[in-house]
$ cat coords34.csv   # CSV, C-alpha atoms and all ligand atoms
chain,number,residue,atom,x,y,z
I,1,MET,CA,116.1,20.3,-33.2
I,2,LEU,CA,112.5,21.3,-32.7
I,3,ASP,CA,110.4,19.1,-30.5
I,4,LYS,CA,106.9,18.0,-31.2
I,5,LYS,CA,105.3,20.7,-29.0
I,6,LYS,CA,107.1,23.5,-30.8
I,7,ILE,CA,106.2,22.1,-34.2
I,8,LEU,CA,102.5,22.0,-33.1
I,9,LEU,CA,102.7,25.5,-31.8
I,10,ILE,CA,104.2,26.8,-35.1
I,11,MET,CA,101.6,24.9,-37.1
I,12,GLY,CA,98.9,26.5,-34.9
I,13,ILE,CA,100.3,30.0,-35.5
I,14,LEU,CA,100.5,29.4,-39.3
I,15,MET,CA,96.9,28.0,-39.4
I,16,SER,CA,95.5,31.1,-37.6
I,17,LEU,CA,97.5,33.4,-39.8
I,18,LEU,CA,95.9,31.6,-42.8
I,19,ILE,CA,92.4,32.0,-41.4
I,20,LEU,CA,93.0,35.6,-40.6
I,21,THR,CA,94.2,36.5,-44.1
I,22,SER,CA,91.4,34.6,-45.8
I,23,GLY,CA,89.0,36.4,-43.6
I,24,ASP,CA,90.5,39.7,-44.8
I,25,LEU,CA,90.1,38.6,-48.4
I,26,SER,CA,86.5,37.9,-48.1
I,27,ALA,CA,85.9,41.2,-46.3
I,28,THR,CA,87.4,43.2,-49.2
I,29,GLY,CA,86.0,40.8,-51.8
I,30,LYS,CA,82.6,42.6,-51.9
I,31,LYS,CA,81.5,42.6,-55.6
I,32,LYS,CA,81.7,46.0,-57.4
I,33,ILE,CA,78.7,46.9,-59.4
I,34,ILE,CA,79.3,48.2,-62.9
I,35,LEU,CA,76.5,49.7,-65.0
I,36,ILE,CA,77.2,49.9,-68.7
I,37,ASP,CA,75.2,52.3,-70.7
I,38,PRO,CA,74.9,51.6,-74.5
I,39,ALA,CA,73.7,55.1,-75.6
I,40,HIS,CA,70.7,55.6,-77.8
I,41,GLY,CA,68.6,52.6,-78.9
I,42,GLY,CA,65.3,51.8,-80.6
I,43,LYS,CA,63.8,54.9,-82.2
I,44,GLU,CA,66.8,57.0,-81.1
I,45,GLN,CA,69.5,55.9,-83.6
I,46,GLY,CA,72.3,58.3,-82.8
I,47,VAL,CA,74.8,59.0,-85.5
I,48,LYS,CA,74.4,57.2,-88.8
I,49,MET,CA,77.2,54.7,-89.6
I,50,SER,CA,76.0,53.1,-92.9
I,51,THR,CA,72.7,52.5,-94.7
I,52,ASP,CA,71.6,50.0,-92.0
I,53,VAL,CA,73.9,50.6,-89.0
I,54,SER,CA,73.7,53.4,-86.5
I,55,GLU,CA,75.5,54.5,-83.4
I,56,LYS,CA,72.9,52.6,-81.3
I,57,ASP,CA,74.0,49.3,-82.9
I,58,ILE,CA,77.7,49.9,-82.2
I,59,THR,CA,77.2,50.9,-78.6
I,60,LEU,CA,75.1,47.9,-77.9
I,61,ALA,CA,77.6,45.5,-79.6
I,62,VAL,CA,80.5,46.8,-77.5
I,63,ALA,CA,78.4,46.9,-74.3
I,64,LEU,CA,77.3,43.2,-74.7
I,65,SER,CA,80.9,42.2,-75.5
I,66,LEU,CA,82.2,44.2,-72.5
I,67,LYS,CA,79.7,42.5,-70.2
I,68,GLN,CA,80.8,39.1,-71.5
I,69,ALA,CA,84.5,40.0,-70.9
I,70,LEU,CA,83.8,41.3,-67.4
I,71,ALA,CA,81.8,38.3,-66.5
I,72,ARG,CA,85.0,36.2,-66.5
I,73,GLY,CA,86.2,37.9,-63.3
I,74,ASN,CA,84.3,37.1,-60.2
I,75,ASN,CA,84.6,40.3,-58.3
I,76,LEU,CA,82.3,42.4,-60.5
I,77,GLU,CA,78.5,42.4,-61.0
I,78,VAL,CA,77.6,43.9,-64.4
I,79,PHE,CA,74.3,45.5,-65.4
I,80,LEU,CA,73.3,47.2,-68.7
I,81,THR,CA,70.8,50.1,-69.2
I,82,ARG,CA,69.6,48.2,-72.2
I,83,ASP,CA,70.5,44.8,-73.6
I,84,SER,CA,68.5,45.0,-76.9
I,85,ASP,CA,67.6,47.5,-79.5
I,86,LYS,CA,64.9,49.4,-77.6
I,87,THR,CA,64.2,53.0,-76.8
I,88,VAL,CA,65.5,54.0,-73.4
I,89,ASP,CA,65.1,57.7,-72.6
I,90,MET,CA,67.3,59.8,-70.4
I,91,GLU,CA,65.0,59.5,-67.4
I,92,ASP,CA,65.0,55.7,-67.6
I,93,ARG,CA,68.7,55.7,-67.7
I,94,LYS,CA,68.9,57.9,-64.6
I,95,ASP,CA,66.3,55.6,-62.9
I,96,SER,CA,68.7,52.7,-63.6
I,97,ILE,CA,71.5,54.5,-61.9
I,98,LYS,CA,69.3,55.4,-58.9
I,99,LYS,CA,68.0,51.8,-58.6
I,100,ILE,CA,71.2,49.8,-59.2
I,101,LYS,CA,73.5,52.3,-57.4
I,102,PRO,CA,76.6,51.2,-59.4
I,103,ASP,CA,80.1,51.6,-58.1
I,104,PHE,CA,80.9,52.8,-61.6
I,105,PHE,CA,78.8,54.0,-64.6
I,106,ILE,CA,80.2,53.7,-68.1
I,107,SER,CA,78.4,55.3,-71.1
I,108,LEU,CA,79.4,54.4,-74.7
I,109,HIS,CA,78.9,56.7,-77.7
I,110,VAL,CA,80.1,57.2,-81.2
I,111,ASN,CA,81.1,60.8,-82.1
I,112,GLY,CA,80.0,62.7,-85.2
I,113,GLY,CA,80.5,66.1,-86.8
I,114,LEU,CA,83.5,68.5,-86.9
I,115,GLY,CA,84.0,67.5,-90.6
I,116,LYS,CA,85.6,64.4,-92.1
I,117,ASP,CA,89.0,65.0,-90.7
I,118,ALA,CA,88.1,64.8,-87.0
I,119,SER,CA,88.9,61.3,-85.8
I,120,GLY,CA,89.9,59.3,-82.7
I,121,PHE,CA,88.4,58.6,-79.3
I,122,GLU,CA,87.5,61.0,-76.4
I,123,ILE,CA,86.8,60.2,-72.8
I,124,TYR,CA,84.6,62.5,-70.7
I,125,TYR,CA,84.4,62.5,-67.0
I,126,PRO,CA,81.8,64.3,-64.9
I,127,TRP,CA,82.0,67.4,-62.8
I,128,PHE,CA,79.6,67.0,-59.9
I,129,GLY,CA,77.8,70.3,-59.3
I,130,GLU,CA,75.9,71.6,-56.3
I,131,GLU,CA,72.8,69.9,-57.5
I,132,ALA,CA,74.3,66.5,-57.2
I,133,ILE,CA,75.4,67.3,-53.6
I,134,LYS,CA,71.9,68.3,-52.7
I,135,GLU,CA,70.5,65.1,-54.3
I,136,LYS,CA,72.8,63.2,-52.0
I,137,LYS,CA,71.0,64.5,-48.9
I,138,THR,CA,73.9,63.6,-46.5
I,139,ALA,CA,75.7,66.0,-44.3
I,140,LYS,CA,77.3,68.7,-46.5
I,141,ASP,CA,80.9,67.9,-45.4
I,142,ASN,CA,80.4,64.2,-46.1
I,143,ALA,CA,78.9,65.1,-49.5
I,144,SER,CA,81.8,67.2,-50.5
I,145,GLN,CA,84.2,64.5,-49.4
I,146,LEU,CA,82.3,62.0,-51.6
I,147,LYS,CA,82.3,64.5,-54.4
I,148,ASN,CA,86.1,64.6,-54.3
I,149,LYS,CA,86.4,60.9,-54.2
I,150,TYR,CA,83.9,60.4,-57.1
I,151,GLN,CA,85.7,63.0,-59.1
I,152,ASN,CA,89.1,61.4,-58.4
I,153,ASP,CA,87.7,58.0,-59.2
I,154,SER,CA,86.2,59.2,-62.5
I,155,LEU,CA,89.4,60.9,-63.6
I,156,LYS,CA,91.5,57.8,-62.6
I,157,MET,CA,89.2,55.5,-64.6
I,158,ALA,CA,89.3,57.9,-67.6
I,159,LYS,CA,93.2,57.9,-67.5
I,160,ILE,CA,93.3,54.1,-67.4
I,161,ILE,CA,90.9,53.8,-70.3
I,162,GLN,CA,92.9,56.4,-72.2
I,163,GLU,CA,96.1,54.3,-71.8
I,164,ASN,CA,94.4,51.1,-72.9
I,165,MET,CA,92.6,52.7,-75.9
I,166,ASN,CA,95.9,54.4,-76.9
I,167,VAL,CA,97.4,50.9,-77.3
I,168,LEU,CA,94.5,50.0,-79.5
I,169,PHE,CA,94.4,53.3,-81.5
I,170,PRO,CA,97.9,54.8,-81.3
I,171,ARG,CA,98.0,58.6,-81.7
I,172,LYS,CA,94.2,58.6,-81.9
I,173,GLY,CA,93.5,59.9,-78.4
I,174,ARG,CA,91.8,63.3,-78.3
I,175,GLY,CA,92.2,63.6,-74.6
I,176,LEU,CA,90.2,63.6,-71.5
I,177,ARG,CA,87.4,66.1,-71.1
I,178,LYS,CA,85.8,67.3,-68.0
I,179,ALA,CA,82.1,67.9,-68.6
I,180,ASP,CA,78.7,67.3,-67.2
I,181,LEU,CA,77.4,64.1,-68.7
I,182,PRO,CA,73.7,64.6,-69.5
I,183,VAL,CA,72.9,61.1,-68.3
I,184,THR,CA,74.5,61.6,-64.8
I,185,GLU,CA,73.6,65.2,-64.4
I,186,GLY,CA,72.2,65.8,-61.0
I,187,LEU,CA,73.3,62.3,-59.9
I,188,PHE,CA,76.2,61.3,-57.7
I,189,VAL,CA,78.1,58.4,-59.2
I,190,PRO,CA,81.6,57.8,-60.5
I,191,ALA,CA,81.3,57.8,-64.2
I,192,VAL,CA,83.0,58.1,-67.6
I,193,SER,CA,81.6,58.4,-71.1
I,194,VAL,CA,83.6,57.0,-74.0
I,195,GLU,CA,83.2,58.4,-77.5
I,196,MET,CA,84.8,55.5,-79.3
I,197,GLY,CA,85.5,57.2,-82.6
I,198,PHE,CA,84.0,59.4,-85.3
I,199,ALA,CA,81.2,58.1,-87.6
I,200,THR,CA,81.9,61.0,-89.8
I,201,ASN,CA,85.6,59.9,-90.4
I,202,PRO,CA,85.8,57.2,-93.1
I,203,GLU,CA,88.7,55.3,-91.3
I,204,ASP,CA,87.1,55.5,-87.9
I,205,ARG,CA,83.7,54.4,-89.3
I,206,LYS,CA,85.2,51.4,-91.0
I,207,LYS,CA,86.9,50.3,-87.8
I,208,LEU,CA,83.9,50.8,-85.6
I,209,LEU,CA,81.8,48.8,-88.1
I,210,SER,CA,84.1,45.8,-87.7
I,211,VAL,CA,83.1,43.2,-85.2
I,212,ASN,CA,86.8,42.6,-84.5
I,213,THR,CA,87.4,46.2,-83.5
I,214,GLN,CA,84.2,46.2,-81.4
I,215,THR,CA,85.6,43.2,-79.5
I,216,GLU,CA,89.0,44.9,-79.1
I,217,ILE,CA,87.4,48.0,-77.6
I,218,ALA,CA,85.4,45.9,-75.2
I,219,LYS,CA,88.6,44.1,-74.2
I,220,ALA,CA,90.4,47.4,-73.6
I,221,LEU,CA,87.5,48.6,-71.5
I,222,ALA,CA,87.3,45.4,-69.5
I,223,LYS,CA,91.1,45.5,-68.9
I,224,SER,CA,90.7,49.1,-67.6
I,225,ILE,CA,87.9,48.3,-65.2
I,226,ASN,CA,89.7,45.2,-63.9
I,227,SER,CA,92.9,47.2,-63.3
I,228,PHE,CA,90.9,50.0,-61.6
I,229,TYR,CA,89.7,47.5,-59.0
I,230,ARG,CA,92.9,45.5,-58.7
J,301,ZN,ZN,75.7,59.4,-78.8
$ encode --input "coords34.csv" --output "structure tokens"
Amino acid sequence: MLDKKKILLIMGILMSLLILTSGDLSATGKKKIILIDPAHGGKEQGVKMSTDVSEKDITLAVALSLKQALARGNNLEVFLTRDSDKTVDMEDRKDSIKKIKPDFFISLHVNGGLGKDASGFEIYYPWFGEEAIKEKKTAKDNASQLKNKYQNDSLKMAKIIQENMNVLFPRKGRGLRKADLPVTEGLFVPAVSVEMGFATNPEDRKKLLSVNTQTEIAKALAKSINSFYR
């Protein structure tokens, strides 16, 4: 049988373990900053979707819905490069990245062209060139380590998004593409750009115009971001 002293001792050990673990949790619980970029806006309409809807409207709708979906978790802080139908040029978007310093940058687009038959989603992830390393202004070794990490992170996020978008649009994935994203060119930030479908394909266009699909895409992206940080 345990005597009183032993029980108190065991309780003490358990209590301190509890305090130690909760301390650990709060240390790793620093909020991750996500910057969502609904491409185009205002005067810059992007690809035409119908007589009165353009790419800029779809990217904004998905971005707002994504922000809402992510707000339910408490480990993320979410910003948008625009939250209304206004013109935001490339330099303004780059300035947002420099100012907000997000842990992850996600740009949203609708594809167009390549004829009526081209359809499905594509995910681009950046390749950080020498210019981005120079921009970083840290020791060169450190910068190339960061470059590797950001590249790996971008690819990892692209893969997770691909999986979740595949569930939503089976056999519609056009793959992952490594490319310099104009919006992050010369900047040093983990990023992906999602081309959600083709405005020039009748079936894709119909889907993208539906509020239901827009919400489903936002949910798939939110799920991806949440699992990336889990
Ligand atoms: Zn676009």
$ axis_aligned_box --input "coords34.csv" --around "range 111-130 of chain I" --padding-each-side "5 Å" --output "lines of an AutoDock Vina configuration file"
center_x = 82.9
center_y = 65.1
center_z = -74.2
size_x = 24.0
size_y = 23.0
size_z = 45.8
$ residues_near_ligand --input "coords34.csv" --ligand "ligand ZN 301 (chain J)" --cutoff "8 Å" --atoms "only C-alpha atoms and all ligand atoms" --output "VMD selection string"
chain I and resid 39 to 40 46 to 47 55 to 56 108 to 111 195
$ closest_residue --input "coords34.csv" --among "I:Ala179, I:Val189, I:Ile36, I:Val78" --to "Leu60 in chain I" --atoms "only C-alpha atoms"
I:Ile36
$ atom_distance --input "coords34.csv" --atom1 "CA of Gly186 in chain I" --atom2 "CA of Lys94 in chain I"
9.3 Å
$ closest_atom_pairs --input "coords34.csv" --of "range 52-107 of chain I" --to "range 145-154 of chain I" --cutoff "12 Å" --atoms "only C-alpha atoms" --output "tab-separated table"
residue	atom	partner	partner_atom	distance
I:Pro102	CA	I:Tyr150	CA	12.0
I:Asp103	CA	I:Tyr150	CA	9.6
I:Phe104	CA	I:Ser154	CA	8.4
I:Phe105	CA	I:Ser154	CA	9.3
I:Ile106	CA	I:Ser154	CA	9.9
$ atom_distance --input "coords34.csv" --atom1 "CA of Ala158 in chain I" --atom2 "CA of Ile217 in chain I"
14.2 Å
$ residues_around --input "coords34.csv" --residues "Ile100 in chain I" --least-positions-apart "4" --cutoff "9 Å" --atoms "only C-alpha atoms" --output "VMD selection string"
chain I and resid 33 35 79 95 to 96
$ write_last_selection --input "coords34.csv" --atoms "C-alpha atoms" --output "short mmCIF file (atom, residue, chain, number, x, y, z; two decimals), in the coordinates of the input"
data_model
loop_
_atom_site.label_atom_id
_atom_site.label_comp_id
_atom_site.auth_asym_id
_atom_site.auth_seq_id
_atom_site.Cartn_x
_atom_site.Cartn_y
_atom_site.Cartn_z
CA ILE I 33 78.70 46.90 -59.40
CA LEU I 35 76.50 49.70 -65.00
CA PHE I 79 74.30 45.50 -65.40
CA ASP I 95 66.30 55.60 -62.90
CA SER I 96 68.70 52.70 -63.60
#
$ closest_residue --input "coords34.csv" --among "I:Pro38, I:Lys30, I:Leu209, I:Ile97" --to "Asn75 in chain I" --atoms "only C-alpha atoms"
I:Lys30
$ closest_residue --input "coords34.csv" --among "I:Val88, I:Val167, I:Ala61, I:Met49" --to "Gly197 in chain I" --atoms "only C-alpha atoms"
I:Met49
$ closest_residue --input "coords34.csv" --among "I:Gly120, I:Thr87, I:Trp127, I:Leu221" --to "Leu181 in chain I" --atoms "all atoms listed in the file"
I:Trp127
$ atom_distance --input "coords34.csv" --atom1 "CA of Gly73 in chain I" --atom2 "CA of Asn226 in chain I"
8.1 Å
$ residues_around --input "coords34.csv" --residues "Phe169 in chain I" --least-positions-apart "5" --cutoff "12 Å" --atoms "all atoms listed in the file" --output "list in words"
Ser119, Gly120, Phe121, Glu122, Ile161, Gln162, Glu163, Asn164, Arg174, Met196, Gly197, Glu203, Asp204, Lys207, Leu208, Thr213, Glu216, Ile217 and Ala220 of chain I
$ closest_residue --input "coords34.csv" --among "I:Val192, I:Ala118, I:Ile123, I:Leu76" --to "Asn166 in chain I" --atoms "all atoms listed in the file"
I:Ile123
$ decode --input "coords34.csv" --residues "range 110-121 of chain I" --atoms "all heavy atoms" --output "compact mmCIF listing (two decimals), in the first residue's frame"
# COMPACT_ATOMS: atom_id res chain seq x y z
N VAL I 110 -7.49 31.90 -61.80
CA VAL I 110 -8.25 31.03 -62.69
C VAL I 110 -7.48 30.99 -64.00
O VAL I 110 -7.01 32.04 -64.48
CB VAL I 110 -9.69 31.58 -62.93
CG1 VAL I 110 -10.42 30.73 -63.97
CG2 VAL I 110 -10.47 31.58 -61.61
N ASN I 111 -7.32 29.82 -64.56
CA ASN I 111 -6.57 29.65 -65.80
C ASN I 111 -7.40 30.05 -67.02
O ASN I 111 -8.62 30.14 -66.93
CB ASN I 111 -6.18 28.18 -65.93
CG ASN I 111 -4.69 27.99 -66.06
OD1 ASN I 111 -3.99 28.86 -66.55
ND2 ASN I 111 -4.22 26.83 -65.62
N GLY I 112 -6.74 30.20 -68.13
CA GLY I 112 -7.45 30.49 -69.38
C GLY I 112 -6.57 30.14 -70.55
O GLY I 112 -5.36 30.01 -70.42
N GLY I 113 -7.20 29.92 -71.70
CA GLY I 113 -6.42 29.64 -72.90
C GLY I 113 -6.22 28.16 -73.15
O GLY I 113 -6.86 27.32 -72.53
N LEU I 114 -5.31 27.86 -74.06
CA LEU I 114 -4.99 26.48 -74.49
C LEU I 114 -6.19 25.76 -75.11
O LEU I 114 -6.26 24.54 -75.11
CB LEU I 114 -4.44 25.64 -73.33
CG LEU I 114 -3.23 26.15 -72.55
CD1 LEU I 114 -2.91 25.23 -71.37
CD2 LEU I 114 -2.01 26.28 -73.46
N GLY I 115 -7.18 26.53 -75.57
CA GLY I 115 -8.35 25.92 -76.21
C GLY I 115 -9.40 25.47 -75.22
O GLY I 115 -9.18 25.51 -74.01
N LYS I 116 -10.53 25.04 -75.74
CA LYS I 116 -11.67 24.68 -74.88
C LYS I 116 -11.43 23.40 -74.09
O LYS I 116 -12.05 23.16 -73.07
CB LYS I 116 -12.91 24.48 -75.77
CG LYS I 116 -13.81 25.69 -75.81
CD LYS I 116 -15.24 25.35 -76.20
CE LYS I 116 -15.38 24.38 -77.33
NZ LYS I 116 -16.56 24.58 -78.17
N ASP I 117 -10.54 22.55 -74.61
CA ASP I 117 -10.36 21.23 -74.01
C ASP I 117 -9.52 21.23 -72.74
O ASP I 117 -9.65 20.34 -71.91
CB ASP I 117 -9.74 20.26 -75.02
CG ASP I 117 -10.72 19.93 -76.14
OD1 ASP I 117 -11.93 20.13 -75.91
OD2 ASP I 117 -10.27 19.51 -77.22
N ALA I 118 -8.65 22.22 -72.62
CA ALA I 118 -7.79 22.26 -71.42
C ALA I 118 -8.66 22.51 -70.20
O ALA I 118 -9.46 23.44 -70.19
CB ALA I 118 -6.74 23.35 -71.56
N SER I 119 -8.51 21.65 -69.18
CA SER I 119 -9.32 21.82 -67.97
C SER I 119 -8.55 21.29 -66.77
O SER I 119 -7.55 20.59 -66.91
CB SER I 119 -10.64 21.08 -68.11
OG SER I 119 -10.43 19.68 -68.02
N GLY I 120 -9.05 21.63 -65.59
CA GLY I 120 -8.45 21.12 -64.36
C GLY I 120 -7.60 22.15 -63.64
O GLY I 120 -7.44 23.27 -64.10
N PHE I 121 -7.08 21.73 -62.48
CA PHE I 121 -6.32 22.68 -61.66
C PHE I 121 -4.82 22.43 -61.77
O PHE I 121 -4.37 21.32 -62.11
CB PHE I 121 -6.77 22.58 -60.20
CG PHE I 121 -6.49 21.24 -59.56
CD1 PHE I 121 -5.29 20.99 -58.92
CD2 PHE I 121 -7.44 20.22 -59.61
CE1 PHE I 121 -5.04 19.76 -58.34
CE2 PHE I 121 -7.20 18.98 -59.04
CZ PHE I 121 -5.99 18.75 -58.40
